[in-house]
Amino acid sequence: MPVLVEAGWGGVVQMPWSITWSDITSRVDMVQGVTITRGAQDELSEPQPGGCTMTLDNQDGWLTPGNPNSGYAPWVRRNAPIRVSALHYPTRTGAAPYPLAGLCDEFDDQRMNATLWTSAGGATETAGGRLRLPAASGVTARYTSLRQWTLTGSQVTVKLVAPPTAGGSSSAYTSLSLVSATSGTRLRWYVNSVARDLRAVSDVGGSDGSAVILPYEPIEHAWLRIRETAGTVYWETSSDGWDWVTHRSLSTPAWVSADQIVVELAASRSGGTPDYAEWDYLGAVVRPRFYGTVNEWPVSWSGLASSVSISATDLFKRLNRLPALRTCLVEEVVSSLPLAYYPLTEPAGSTAAGDLSGTTAGPLTVAQVGSGGTLDLGTAAGPAAATDSLPLLTPVSATVGKLLTSDLGQGFQDASSRGWLQMECWFQTSTANRVIFGMSGAGGMSQQVWSLNGSGALQAESGWGGFLSVSTVASGNLADGAWHHFVYDEILQQVWVDGVLRASTPVTLATELRQLTVGGYKNTRLWSGSIGHLALYAVPYAAPIGAALATHYAAGMTAYSGETADVRIARLAKYAGVSSVTILGSTHDPVVGQGEAGSSVVARMREVETTESGRLYAERDYLGLAYQSRDLRYNPDSVDEVFTISYADLDTNGVELSDDDQKLVNSIVATRPGGATQKVAVADSVLAFGLYEQDMTLLKTTDNSVVDAAYWRISRYGNPAPELREVPVEAFTMPSYLDILDADISSYFTVYELPAQASAASMRVTVEGYSETLAENSHKIQFRTSASATDSVWVLGDPVYGVLDSTTRLAY
């Protein structure tokens, strides 16, 4: 089959390194095929969540959710990981010797291809479409090719489905070998199931004293490859057949270019319980097409025949179902994984403040000291970019008023004893010599207090019993009525105030801390003012995080206004738990802060994407995001093209040249948060076509950059040229099949030898998205495209991009 479909039963999609993928390709109804959609309708539309549909055979009931007799039970459930790849097998041409890449076998016809192989030791092809090599004591099972292959400039790739088990044997192995004409000389991948290692071997005389030995990992080492390029041989592994890791390289042995080689897949054992090794997809060239999760497993019947027609969605399904974001400051703290976090942002009238860390830390409750004073949650305005209100503490005196107390729980107590502590807090006051917060252990024996001294400087008090040592930070007077933020890192004994490292401060923090008081300590030095966003961390390894926590000052004050778009996209992805973001292109302008709560993470990312005329979409080969800057599309030429194709070779109907007002805009009213509202118009276009006006709100940091963005849009679409918006291709039959599969969002290709009625003999287009169907001996792709010339920019003196009044659009 030209497709590989794998389900990650029991795996967690956001932890791909933990997923053991099961091949379910044999269940796919290839008459209907596998259909995948990806990308946007056009360059002015947002890329949509990618989707995949297929029908799977369920005659054995293994794909029935809740079926305890299923071999996949209990993992047939919603949100199961799934990935789809297209497979290509190079075709041999001419006479032997052949490049080794042409040795291809899917092992799915249940018989040995005698024109390729000889076999020994009971090697067979299974009904499931795999090569099975029995591993029995004293017998070596082999699939051995004819001697008609050359490795120079070529490669061999194969998937190791399962090595033999140790089975009580002193030796159990399977191997892939490229064998020279000289006995005992070969290149090998060798899996030792007893030692559980994987060896990259270059044997001479039957041995290799420099073999590279790796701990065998079935997930990471699912695919094995040996290739030769430009005088070097490489041993490589892959988890998916697409992304390869090199584990060994050496100068190409002389025999590689001199000999025709034999390929041998073998397995054996010495004693123990007989079983087998299985291999598959020899020579397959893999191209990932989809990575996501299954939405449902609907079982249906036609008579007694059962099938499951599934749909799956990429990463954006997960992102779209996330709750609305909290303020930038809260998201920053939560994503830093505190052991206790009290934002103190409860609404007015609340009597307690909760922990957002998700650990065992208890709530902060109001405690009265003496008689009088107030503590009103949801009353005080917080830091400038943190729009939530914070508590206002108004004591009668330093010893009469209210404070907050909490039991941090056994989990925090244990962590504070085992790890290094970090902490951060915001505070605001005009009264010096007061306590921000304090912590103590059982019976108050161990104590840690952070306060302002009589001069308003930050200080730490730490010790055991009644003996506290005081360390003062050179912070200046912080009792000035303004909001301040401090961070302490116990590993480096450093204090940051308002994002600035003040000095290393020798503070020895107490251990086994559990009781927390906020706004005072031991019923004295009661705070007058406001406190918020108190977070406590324990790091069980020597990795200081204080410098990272210090950046939270910018989160609270400006929501990181002024950081570039690529950094903002990565930051927002972090809030969504996505650690992998591929940034493409180099033009990334500053954007304003997005500090307020309420929008979804996807909406925030789309705001940045729109502001920068960028492109944001889910990757198709792993759980990650890609963000493209606008300059990635500037001035494509022939070297940037993924492929070219003649109109006649499209071999499909439905090619259409469009010239309408769908994208036309000749007047834009643009603004930015806190900035001017400005208008840009193209008078010639308004006169010719009438007014096509558009409003834009952009996250720009200056009014000039807003005008630049508006001009960029209007210069491209004031009079859009005719374009191909849909290009259907029957790709499977094309010699450039792999090049076509490499086309992704923002890739270019050219359709040439267009019919005489076309406005040009050839047109270069940019891919915006596509729909594809992989079926038996067919791979139809409907590319959704735009005119590449739309993104051309002026290059002084260039014969193509420097033509006066034609291609003199200024880059933005």
# chains A, B, ... in the order shown; residues from 1 in each chain; ligands from 1
>>> residues_around(residues="segment 153-157 of chain A", least_positions_apart="2", cutoff="12 Å", atoms="only C-alpha atoms", output="VMD selection string")
chain A and resid 88 to 90 98 to 106 149 to 151 159 to 160 176 to 178 187 to 189 222 to 238 240 to 242 244 252 256 to 257 261 to 265 279 to 286
>>> residues_around(residues="Lys522 of chain A", least_positions_apart="4", cutoff="12 Å", atoms="only C-alpha atoms", output="list in words")
Ala367, Gln368, Val369, Ala398, Thr399, Val400, Lys402, Leu403, Leu404, Thr405, Arg434, Val435, Phe437, Gly438, Met439, Ser440, Gly444, Gln447, Gln448, Val449, Gly466, Gln515, Leu516, Thr517, Val518 and Leu526 of chain A
>>> write_last_selection(atoms="N, CA, C and O atoms", output="mmCIF file, in the first residue's frame")
data_model
loop_
_atom_site.group_PDB
_atom_site.id
_atom_site.type_symbol
_atom_site.label_atom_id
_atom_site.label_comp_id
_atom_site.auth_asym_id
_atom_site.auth_seq_id
_atom_site.Cartn_x
_atom_site.Cartn_y
_atom_site.Cartn_z
ATOM 1 N N ALA A 367 -7.278 35.850 58.772
ATOM 2 C CA ALA A 367 -7.131 35.715 60.231
ATOM 3 C C ALA A 367 -7.109 37.102 60.863
ATOM 4 O O ALA A 367 -6.489 38.026 60.327
ATOM 5 N N GLN A 368 -7.797 37.235 61.989
ATOM 6 C CA GLN A 368 -7.881 38.516 62.705
ATOM 7 C C GLN A 368 -6.800 38.593 63.776
ATOM 8 O O GLN A 368 -6.559 37.638 64.511
ATOM 9 N N VAL A 369 -6.147 39.727 63.838
ATOM 10 C CA VAL A 369 -5.176 40.015 64.893
ATOM 11 C C VAL A 369 -5.696 41.215 65.679
ATOM 12 O O VAL A 369 -5.856 42.304 65.116
ATOM 13 N N ALA A 398 0.545 48.183 63.469
ATOM 14 C CA ALA A 398 1.410 47.061 63.122
ATOM 15 C C ALA A 398 1.011 45.782 63.834
ATOM 16 O O ALA A 398 1.429 44.687 63.432
ATOM 17 N N THR A 399 0.190 45.887 64.869
ATOM 18 C CA THR A 399 -0.196 44.698 65.633
ATOM 19 C C THR A 399 -1.697 44.482 65.692
ATOM 20 O O THR A 399 -2.165 43.579 66.381
ATOM 21 N N VAL A 400 -2.477 45.290 64.980
ATOM 22 C CA VAL A 400 -3.935 45.155 64.970
ATOM 23 C C VAL A 400 -4.407 45.225 63.516
ATOM 24 O O VAL A 400 -4.142 46.220 62.815
ATOM 25 N N LYS A 402 -5.652 42.476 59.966
ATOM 26 C CA LYS A 402 -5.917 41.148 59.411
ATOM 27 C C LYS A 402 -4.774 40.715 58.501
ATOM 28 O O LYS A 402 -4.087 41.543 57.892
ATOM 29 N N LEU A 403 -4.591 39.402 58.437
ATOM 30 C CA LEU A 403 -3.623 38.803 57.531
ATOM 31 C C LEU A 403 -4.196 37.506 56.969
ATOM 32 O O LEU A 403 -5.335 37.135 57.281
ATOM 33 N N LEU A 404 -3.411 36.815 56.145
ATOM 34 C CA LEU A 404 -3.856 35.576 55.516
ATOM 35 C C LEU A 404 -2.946 34.431 55.943
ATOM 36 O O LEU A 404 -1.723 34.604 56.035
ATOM 37 N N THR A 405 -3.543 33.268 56.184
ATOM 38 C CA THR A 405 -2.752 32.113 56.615
ATOM 39 C C THR A 405 -3.141 30.878 55.804
ATOM 40 O O THR A 405 -4.272 30.746 55.334
ATOM 41 N N ARG A 434 7.383 46.433 57.555
ATOM 42 C CA ARG A 434 6.243 45.512 57.564
ATOM 43 C C ARG A 434 6.622 44.214 56.839
ATOM 44 O O ARG A 434 7.544 44.190 56.013
ATOM 45 N N VAL A 435 5.883 43.131 57.121
ATOM 46 C CA VAL A 435 6.161 41.802 56.578
ATOM 47 C C VAL A 435 5.316 41.547 55.330
ATOM 48 O O VAL A 435 4.096 41.760 55.342
ATOM 49 N N PHE A 437 5.520 38.305 53.592
ATOM 50 C CA PHE A 437 5.020 36.977 53.946
ATOM 51 C C PHE A 437 6.081 36.246 54.750
ATOM 52 O O PHE A 437 7.277 36.596 54.724
ATOM 53 N N GLY A 438 5.661 35.216 55.467
ATOM 54 C CA GLY A 438 6.567 34.401 56.247
ATOM 55 C C GLY A 438 6.157 32.949 56.189
ATOM 56 O O GLY A 438 4.979 32.625 55.963
ATOM 57 N N MET A 439 7.121 32.056 56.368
ATOM 58 C CA MET A 439 6.862 30.614 56.380
ATOM 59 C C MET A 439 7.548 30.004 57.587
ATOM 60 O O MET A 439 8.580 30.500 58.053
ATOM 61 N N SER A 440 6.972 28.943 58.103
ATOM 62 C CA SER A 440 7.562 28.262 59.250
ATOM 63 C C SER A 440 7.288 26.778 59.168
ATOM 64 O O SER A 440 6.379 26.330 58.471
ATOM 65 N N GLY A 444 7.037 26.010 64.559
ATOM 66 C CA GLY A 444 7.738 27.269 64.350
ATOM 67 C C GLY A 444 9.228 27.177 64.518
ATOM 68 O O GLY A 444 9.910 28.204 64.637
ATOM 69 N N GLN A 447 12.074 28.914 60.244
ATOM 70 C CA GLN A 447 11.340 30.118 59.882
ATOM 71 C C GLN A 447 12.011 30.828 58.709
ATOM 72 O O GLN A 447 13.222 30.788 58.564
ATOM 73 N N GLN A 448 11.175 31.463 57.882
ATOM 74 C CA GLN A 448 11.662 32.251 56.754
ATOM 75 C C GLN A 448 10.699 33.416 56.566
ATOM 76 O O GLN A 448 9.499 33.198 56.369
ATOM 77 N N VAL A 449 11.192 34.653 56.655
ATOM 78 C CA VAL A 449 10.341 35.849 56.574
ATOM 79 C C VAL A 449 10.942 36.822 55.569
ATOM 80 O O VAL A 449 12.157 37.077 55.580
ATOM 81 N N GLY A 466 14.231 30.532 67.907
ATOM 82 C CA GLY A 466 14.035 31.978 68.012
ATOM 83 C C GLY A 466 15.186 32.774 67.449
ATOM 84 O O GLY A 466 15.257 34.000 67.655
ATOM 85 N N GLN A 515 3.819 26.165 57.131
ATOM 86 C CA GLN A 515 2.828 27.184 57.456
ATOM 87 C C GLN A 515 3.195 28.496 56.755
ATOM 88 O O GLN A 515 4.345 28.919 56.767
ATOM 89 N N LEU A 516 2.209 29.124 56.148
ATOM 90 C CA LEU A 516 2.423 30.371 55.411
ATOM 91 C C LEU A 516 1.522 31.459 55.969
ATOM 92 O O LEU A 516 0.321 31.237 56.203
ATOM 93 N N THR A 517 2.099 32.633 56.209
ATOM 94 C CA THR A 517 1.296 33.809 56.555
ATOM 95 C C THR A 517 1.644 34.911 55.580
ATOM 96 O O THR A 517 2.812 35.138 55.254
ATOM 97 N N VAL A 518 0.635 35.596 55.080
ATOM 98 C CA VAL A 518 0.805 36.674 54.107
ATOM 99 C C VAL A 518 0.268 37.963 54.718
ATOM 100 O O VAL A 518 -0.860 38.008 55.210
ATOM 101 N N LEU A 526 2.075 44.028 60.594
ATOM 102 C CA LEU A 526 1.001 43.778 59.638
ATOM 103 C C LEU A 526 1.125 44.714 58.439
ATOM 104 O O LEU A 526 1.372 45.917 58.592
#
>>> residues_around(residues="Ser397 of chain A", least_positions_apart="4", cutoff="10 Å", atoms="only C-alpha atoms", output="JSON, numbers by chain")
{"A": [370, 372, 373, 401, 524, 525, 526, 527, 528]}
>>> closest_residue(among="A:Ser746, A:Arg78, A:Val706, A:Arg568", to="Arg606 of chain A", atoms="only C-alpha atoms")
A:Arg568
>>> select_by_dssp(residues="segment 332-389 of chain A", states="strand (DSSP E or B)", output="list in words")
Ala340, Tyr341, Tyr342, Ala352, Ala353, Leu364, Thr365, Val366, Ala367, Gln368, Val369, Thr374, Leu375, Asp376, Leu377, Gly378, Thr379, Ala380, Ala381 and Ser389 of chain A
>>> write_last_selection(atoms="all heavy atoms", output="tab-separated table (two decimals), in the first residue's frame")
chain	number	residue	atom	x	y	z
A	340	ALA	N	3.31	26.13	44.94
A	340	ALA	CA	2.20	26.86	45.53
A	340	ALA	C	2.13	28.21	44.84
A	340	ALA	O	3.15	28.87	44.67
A	340	ALA	CB	2.38	27.05	47.04
A	341	TYR	N	0.92	28.59	44.42
A	341	TYR	CA	0.75	29.87	43.74
A	341	TYR	C	-0.58	30.49	44.15
A	341	TYR	O	-1.64	29.93	43.91
A	341	TYR	CB	0.80	29.70	42.23
A	341	TYR	CG	0.48	30.96	41.45
A	341	TYR	CD1	0.91	32.21	41.90
A	341	TYR	CD2	-0.25	30.91	40.26
A	341	TYR	CE1	0.62	33.37	41.19
A	341	TYR	CE2	-0.55	32.05	39.55
A	341	TYR	CZ	-0.11	33.28	40.02
A	341	TYR	OH	-0.40	34.43	39.32
A	342	TYR	N	-0.47	31.65	44.78
A	342	TYR	CA	-1.64	32.39	45.23
A	342	TYR	C	-1.71	33.71	44.46
A	342	TYR	O	-1.04	34.69	44.83
A	342	TYR	CB	-1.57	32.65	46.73
A	342	TYR	CG	-1.54	31.38	47.55
A	342	TYR	CD1	-0.34	30.87	48.02
A	342	TYR	CD2	-2.71	30.68	47.84
A	342	TYR	CE1	-0.30	29.69	48.77
A	342	TYR	CE2	-2.68	29.51	48.58
A	342	TYR	CZ	-1.47	29.02	49.04
A	342	TYR	OH	-1.45	27.85	49.77
A	352	ALA	N	-11.53	34.00	51.17
A	352	ALA	CA	-10.33	33.17	51.11
A	352	ALA	C	-9.73	33.29	49.72
A	352	ALA	O	-10.40	33.70	48.76
A	352	ALA	CB	-10.65	31.71	51.42
A	353	ALA	N	-8.46	32.93	49.61
A	353	ALA	CA	-7.75	33.00	48.33
A	353	ALA	C	-7.15	31.62	48.05
A	353	ALA	O	-6.54	31.00	48.93
A	353	ALA	CB	-6.66	34.06	48.38
A	364	LEU	N	-5.54	30.24	51.33
A	364	LEU	CA	-5.24	31.31	52.28
A	364	LEU	C	-6.56	31.81	52.86
A	364	LEU	O	-7.47	32.18	52.11
A	364	LEU	CB	-4.51	32.46	51.60
A	364	LEU	CG	-3.02	32.26	51.31
A	364	LEU	CD1	-2.54	33.34	50.33
A	364	LEU	CD2	-2.20	32.30	52.59
A	365	THR	N	-6.66	31.81	54.18
A	365	THR	CA	-7.88	32.29	54.83
A	365	THR	C	-7.54	33.51	55.68
A	365	THR	O	-6.41	33.69	56.14
A	365	THR	CB	-8.50	31.20	55.71
A	365	THR	OG1	-7.53	30.76	56.67
A	365	THR	CG2	-8.93	30.01	54.86
A	366	VAL	N	-8.54	34.35	55.88
A	366	VAL	CA	-8.34	35.60	56.63
A	366	VAL	C	-8.28	35.29	58.13
A	366	VAL	O	-9.11	34.55	58.66
A	366	VAL	CB	-9.48	36.58	56.32
A	366	VAL	CG1	-9.30	37.87	57.13
A	366	VAL	CG2	-9.52	36.89	54.82
A	367	ALA	N	-7.28	35.85	58.77
A	367	ALA	CA	-7.13	35.72	60.23
A	367	ALA	C	-7.11	37.10	60.86
A	367	ALA	O	-6.49	38.03	60.33
A	367	ALA	CB	-5.84	34.96	60.56
A	368	GLN	N	-7.80	37.23	61.99
A	368	GLN	CA	-7.88	38.52	62.70
A	368	GLN	C	-6.80	38.59	63.78
A	368	GLN	O	-6.56	37.64	64.51
A	368	GLN	CB	-9.27	38.65	63.36
A	368	GLN	CG	-9.46	39.92	64.15
A	368	GLN	CD	-9.57	41.16	63.25
A	368	GLN	OE1	-10.40	41.18	62.35
A	368	GLN	NE2	-8.75	42.17	63.51
A	369	VAL	N	-6.15	39.73	63.84
A	369	VAL	CA	-5.18	40.02	64.89
A	369	VAL	C	-5.70	41.22	65.68
A	369	VAL	O	-5.86	42.30	65.12
A	369	VAL	CB	-3.78	40.32	64.31
A	369	VAL	CG1	-2.80	40.64	65.43
A	369	VAL	CG2	-3.28	39.17	63.46
A	374	THR	N	-9.02	45.99	58.20
A	374	THR	CA	-9.75	45.33	57.11
A	374	THR	C	-8.78	44.63	56.16
A	374	THR	O	-7.62	45.01	56.05
A	374	THR	CB	-10.58	46.34	56.30
A	374	THR	OG1	-9.72	47.33	55.75
A	374	THR	CG2	-11.64	47.00	57.17
A	375	LEU	N	-9.29	43.61	55.49
A	375	LEU	CA	-8.59	42.94	54.40
A	375	LEU	C	-9.62	42.63	53.34
A	375	LEU	O	-10.45	41.72	53.51
A	375	LEU	CB	-7.91	41.66	54.89
A	375	LEU	CG	-6.88	41.00	53.97
A	375	LEU	CD1	-6.00	40.03	54.75
A	375	LEU	CD2	-7.52	40.27	52.79
A	376	ASP	N	-9.64	43.42	52.28
A	376	ASP	CA	-10.68	43.33	51.25
A	376	ASP	C	-10.08	42.78	49.96
A	376	ASP	O	-9.26	43.44	49.30
A	376	ASP	CB	-11.29	44.70	51.00
A	376	ASP	CG	-11.97	45.26	52.24
A	376	ASP	OD1	-12.73	44.50	52.88
A	376	ASP	OD2	-11.73	46.44	52.57
A	377	LEU	N	-10.48	41.55	49.59
A	377	LEU	CA	-10.04	40.98	48.32
A	377	LEU	C	-10.74	41.68	47.16
A	377	LEU	O	-11.85	42.19	47.31
A	377	LEU	CB	-10.35	39.49	48.29
A	377	LEU	CG	-9.51	38.61	49.24
A	377	LEU	CD1	-10.18	37.27	49.46
A	377	LEU	CD2	-8.11	38.43	48.71
A	378	GLY	N	-10.08	41.69	46.00
A	378	GLY	CA	-10.68	42.26	44.80
A	378	GLY	C	-10.87	43.75	44.85
A	378	GLY	O	-11.79	44.28	44.21
A	379	THR	N	-10.03	44.48	45.57
A	379	THR	CA	-10.24	45.91	45.79
A	379	THR	C	-9.15	46.78	45.18
A	379	THR	O	-9.43	47.82	44.58
A	379	THR	CB	-10.32	46.21	47.31
A	379	THR	OG1	-11.40	45.45	47.86
A	379	THR	CG2	-10.53	47.69	47.57
A	380	ALA	N	-7.89	46.37	45.29
A	380	ALA	CA	-6.78	47.21	44.85
A	380	ALA	C	-6.42	46.92	43.39
A	380	ALA	O	-6.44	45.78	42.96
A	380	ALA	CB	-5.57	46.98	45.75
A	381	ALA	N	-6.08	47.97	42.65
A	381	ALA	CA	-5.59	47.79	41.28
A	381	ALA	C	-4.19	47.19	41.35
A	381	ALA	O	-3.34	47.63	42.11
A	381	ALA	CB	-5.56	49.13	40.55
A	389	SER	N	-7.90	42.59	40.00
A	389	SER	CA	-7.77	43.34	41.24
A	389	SER	C	-7.20	42.45	42.33
A	389	SER	O	-7.40	41.23	42.34
A	389	SER	CB	-9.13	43.89	41.68
A	389	SER	OG	-9.61	44.81	40.72
>>> select_by_dssp(residues="segment 147-296 of chain A", states="alpha helix (DSSP H)", output="list in words")
Ala254, Trp255, Val256, Ser257 and Ala258 of chain A
>>> residues_around(residues="Ala535 of chain A", least_positions_apart="6", cutoff="10 Å", atoms="only C-alpha atoms", output="VMD selection string")
chain A and resid 333 to 334 336 to 343 355 to 357 422 to 426 487 549
>>> closest_residue(among="A:Met30, A:Cys328, A:Val795, A:Ala457", to="His779 of chain A", atoms="only C-alpha atoms")
A:Met30
>>> closest_residue(among="A:Gly184, A:Arg38, A:Ala648, A:Leu250", to="Ser210 of chain A", atoms="only C-alpha atoms")
A:Leu250
>>> residues_around(residues="Glu723 of chain A", least_positions_apart="5", cutoff="9 Å", atoms="only C-alpha atoms", output="number ranges by chain")
A: 656-659, 763, 765, 785-787
>>> write_last_selection(atoms="all heavy atoms", output="PDB file, in the first residue's frame")
ATOM      1  N   GLU A 656      -8.883  26.217 -12.752  1.00  0.00           N
ATOM      2  CA  GLU A 656      -9.663  27.425 -13.016  1.00  0.00           C
ATOM      3  C   GLU A 656      -8.826  28.669 -12.762  1.00  0.00           C
ATOM      4  O   GLU A 656      -8.113  28.753 -11.760  1.00  0.00           O
ATOM      5  CB  GLU A 656     -10.911  27.441 -12.111  1.00  0.00           C
ATOM      6  CG  GLU A 656     -11.843  28.611 -12.357  1.00  0.00           C
ATOM      7  CD  GLU A 656     -13.099  28.525 -11.501  1.00  0.00           C
ATOM      8  OE1 GLU A 656     -13.878  27.570 -11.707  1.00  0.00           O
ATOM      9  OE2 GLU A 656     -13.265  29.382 -10.626  1.00  0.00           O
ATOM     10  N   LEU A 657      -8.893  29.618 -13.688  1.00  0.00           N
ATOM     11  CA  LEU A 657      -8.226  30.909 -13.540  1.00  0.00           C
ATOM     12  C   LEU A 657      -9.249  31.911 -13.016  1.00  0.00           C
ATOM     13  O   LEU A 657     -10.302  32.118 -13.628  1.00  0.00           O
ATOM     14  CB  LEU A 657      -7.676  31.371 -14.890  1.00  0.00           C
ATOM     15  CG  LEU A 657      -6.848  32.652 -14.876  1.00  0.00           C
ATOM     16  CD1 LEU A 657      -5.536  32.434 -14.137  1.00  0.00           C
ATOM     17  CD2 LEU A 657      -6.571  33.117 -16.314  1.00  0.00           C
ATOM     18  N   SER A 658      -8.956  32.507 -11.875  1.00  0.00           N
ATOM     19  CA  SER A 658      -9.923  33.389 -11.214  1.00  0.00           C
ATOM     20  C   SER A 658      -9.489  34.840 -11.322  1.00  0.00           C
ATOM     21  O   SER A 658      -8.308  35.171 -11.163  1.00  0.00           O
ATOM     22  CB  SER A 658     -10.068  33.013  -9.733  1.00  0.00           C
ATOM     23  OG  SER A 658     -10.537  31.692  -9.611  1.00  0.00           O
ATOM     24  N   ASP A 659     -10.467  35.700 -11.585  1.00  0.00           N
ATOM     25  CA  ASP A 659     -10.244  37.152 -11.585  1.00  0.00           C
ATOM     26  C   ASP A 659     -11.533  37.808 -11.124  1.00  0.00           C
ATOM     27  O   ASP A 659     -12.428  38.103 -11.910  1.00  0.00           O
ATOM     28  CB  ASP A 659      -9.846  37.641 -12.973  1.00  0.00           C
ATOM     29  CG  ASP A 659      -9.580  39.137 -13.000  1.00  0.00           C
ATOM     30  OD1 ASP A 659      -9.190  39.681 -11.950  1.00  0.00           O
ATOM     31  OD2 ASP A 659      -9.771  39.771 -14.063  1.00  0.00           O
ATOM     32  N   MET A 763       2.423  29.869 -14.702  1.00  0.00           N
ATOM     33  CA  MET A 763       2.085  30.627 -13.499  1.00  0.00           C
ATOM     34  C   MET A 763       2.717  29.969 -12.288  1.00  0.00           C
ATOM     35  O   MET A 763       2.567  28.758 -12.086  1.00  0.00           O
ATOM     36  CB  MET A 763       0.566  30.713 -13.305  1.00  0.00           C
ATOM     37  CG  MET A 763      -0.143  31.594 -14.303  1.00  0.00           C
ATOM     38  SD  MET A 763      -1.882  31.873 -13.857  1.00  0.00           S
ATOM     39  CE  MET A 763      -2.341  33.074 -15.109  1.00  0.00           C
ATOM     40  N   VAL A 765       2.708  29.548  -8.317  1.00  0.00           N
ATOM     41  CA  VAL A 765       1.686  29.661  -7.274  1.00  0.00           C
ATOM     42  C   VAL A 765       2.292  29.308  -5.914  1.00  0.00           C
ATOM     43  O   VAL A 765       3.319  28.618  -5.826  1.00  0.00           O
ATOM     44  CB  VAL A 765       0.468  28.760  -7.564  1.00  0.00           C
ATOM     45  CG1 VAL A 765      -0.242  29.196  -8.823  1.00  0.00           C
ATOM     46  CG2 VAL A 765       0.888  27.297  -7.654  1.00  0.00           C
ATOM     47  N   THR A 785      -4.254  27.449  -3.794  1.00  0.00           N
ATOM     48  CA  THR A 785      -3.082  28.256  -4.079  1.00  0.00           C
ATOM     49  C   THR A 785      -3.414  29.732  -4.233  1.00  0.00           C
ATOM     50  O   THR A 785      -4.577  30.121  -4.360  1.00  0.00           O
ATOM     51  CB  THR A 785      -2.397  27.767  -5.375  1.00  0.00           C
ATOM     52  OG1 THR A 785      -3.319  27.899  -6.465  1.00  0.00           O
ATOM     53  CG2 THR A 785      -1.968  26.314  -5.258  1.00  0.00           C
ATOM     54  N   SER A 786      -2.358  30.542  -4.228  1.00  0.00           N
ATOM     55  CA  SER A 786      -2.463  31.975  -4.517  1.00  0.00           C
ATOM     56  C   SER A 786      -1.336  32.340  -5.459  1.00  0.00           C
ATOM     57  O   SER A 786      -0.381  31.573  -5.655  1.00  0.00           O
ATOM     58  CB  SER A 786      -2.373  32.796  -3.230  1.00  0.00           C
ATOM     59  OG  SER A 786      -1.103  32.618  -2.617  1.00  0.00           O
ATOM     60  N   ALA A 787      -1.407  33.525  -6.053  1.00  0.00           N
ATOM     61  CA  ALA A 787      -0.371  33.978  -6.974  1.00  0.00           C
ATOM     62  C   ALA A 787       0.881  34.357  -6.195  1.00  0.00           C
ATOM     63  O   ALA A 787       0.841  35.213  -5.310  1.00  0.00           O
ATOM     64  CB  ALA A 787      -0.876  35.159  -7.785  1.00  0.00           C
TER      65      ALA A 787
END
>>> residues_around(residues="Val642 of chain A", least_positions_apart="5", cutoff="8 Å", atoms="only C-alpha atoms", output="PyMOL selection string")
chain A and resi 739-740+742-743+747-749
>>> write_last_selection(atoms="N, CA and C atoms", output="short mmCIF file (atom, residue, chain, number, x, y, z; two decimals), in the first residue's frame")
data_model
loop_
_atom_site.label_atom_id
_atom_site.label_comp_id
_atom_site.auth_asym_id
_atom_site.auth_seq_id
_atom_site.Cartn_x
_atom_site.Cartn_y
_atom_site.Cartn_z
N ASP A 739 8.79 15.14 -4.68
CA ASP A 739 8.84 16.60 -4.65
C ASP A 739 7.45 17.18 -4.42
N ILE A 740 6.46 16.60 -5.04
CA ILE A 740 5.08 17.07 -4.84
C ILE A 740 4.67 16.87 -3.38
N ASP A 742 6.54 16.97 -0.86
CA ASP A 742 7.26 17.91 -0.02
C ASP A 742 6.60 19.28 0.03
N ALA A 743 5.68 19.56 -0.89
CA ALA A 743 5.00 20.86 -0.90
C ALA A 743 4.14 21.01 0.34
N SER A 747 4.89 26.78 0.23
CA SER A 747 5.77 26.27 -0.81
C SER A 747 5.33 26.83 -2.17
N TYR A 748 6.27 26.86 -3.12
CA TYR A 748 5.98 27.34 -4.47
C TYR A 748 6.07 26.20 -5.47
N PHE A 749 5.25 26.28 -6.51
CA PHE A 749 5.46 25.45 -7.69
C PHE A 749 4.92 26.18 -8.91
#
>>> closest_atom_pairs(of="segment 253-298 of chain A", to="segment 302-323 of chain A", cutoff="10 Å", atoms="only C-alpha atoms", output="tab-separated table")
residue	atom	partner	partner_atom	distance
A:Phe290	CA	A:Asp314	CA	7.4
A:Tyr291	CA	A:Asp314	CA	5.9
A:Gly292	CA	A:Asp314	CA	4.0
A:Thr293	CA	A:Ala312	CA	5.3
A:Val294	CA	A:Ala312	CA	4.1
A:Asn295	CA	A:Ala312	CA	5.2
A:Glu296	CA	A:Ile310	CA	6.2
A:Trp297	CA	A:Ile310	CA	5.7
A:Pro298	CA	A:Val308	CA	5.5
>>> residues_around(residues="Arg502 of chain A", least_positions_apart="3", cutoff="7 Å", atoms="only C-alpha atoms", output="list in words")
Ala474, Ser475, Val495, Trp496 and Val497 of chain A
>>> closest_residue(among="A:Leu698, A:Leu664, A:Leu724, A:Ala267", to="Gly138 of chain A", atoms="only C-alpha atoms")
A:Ala267
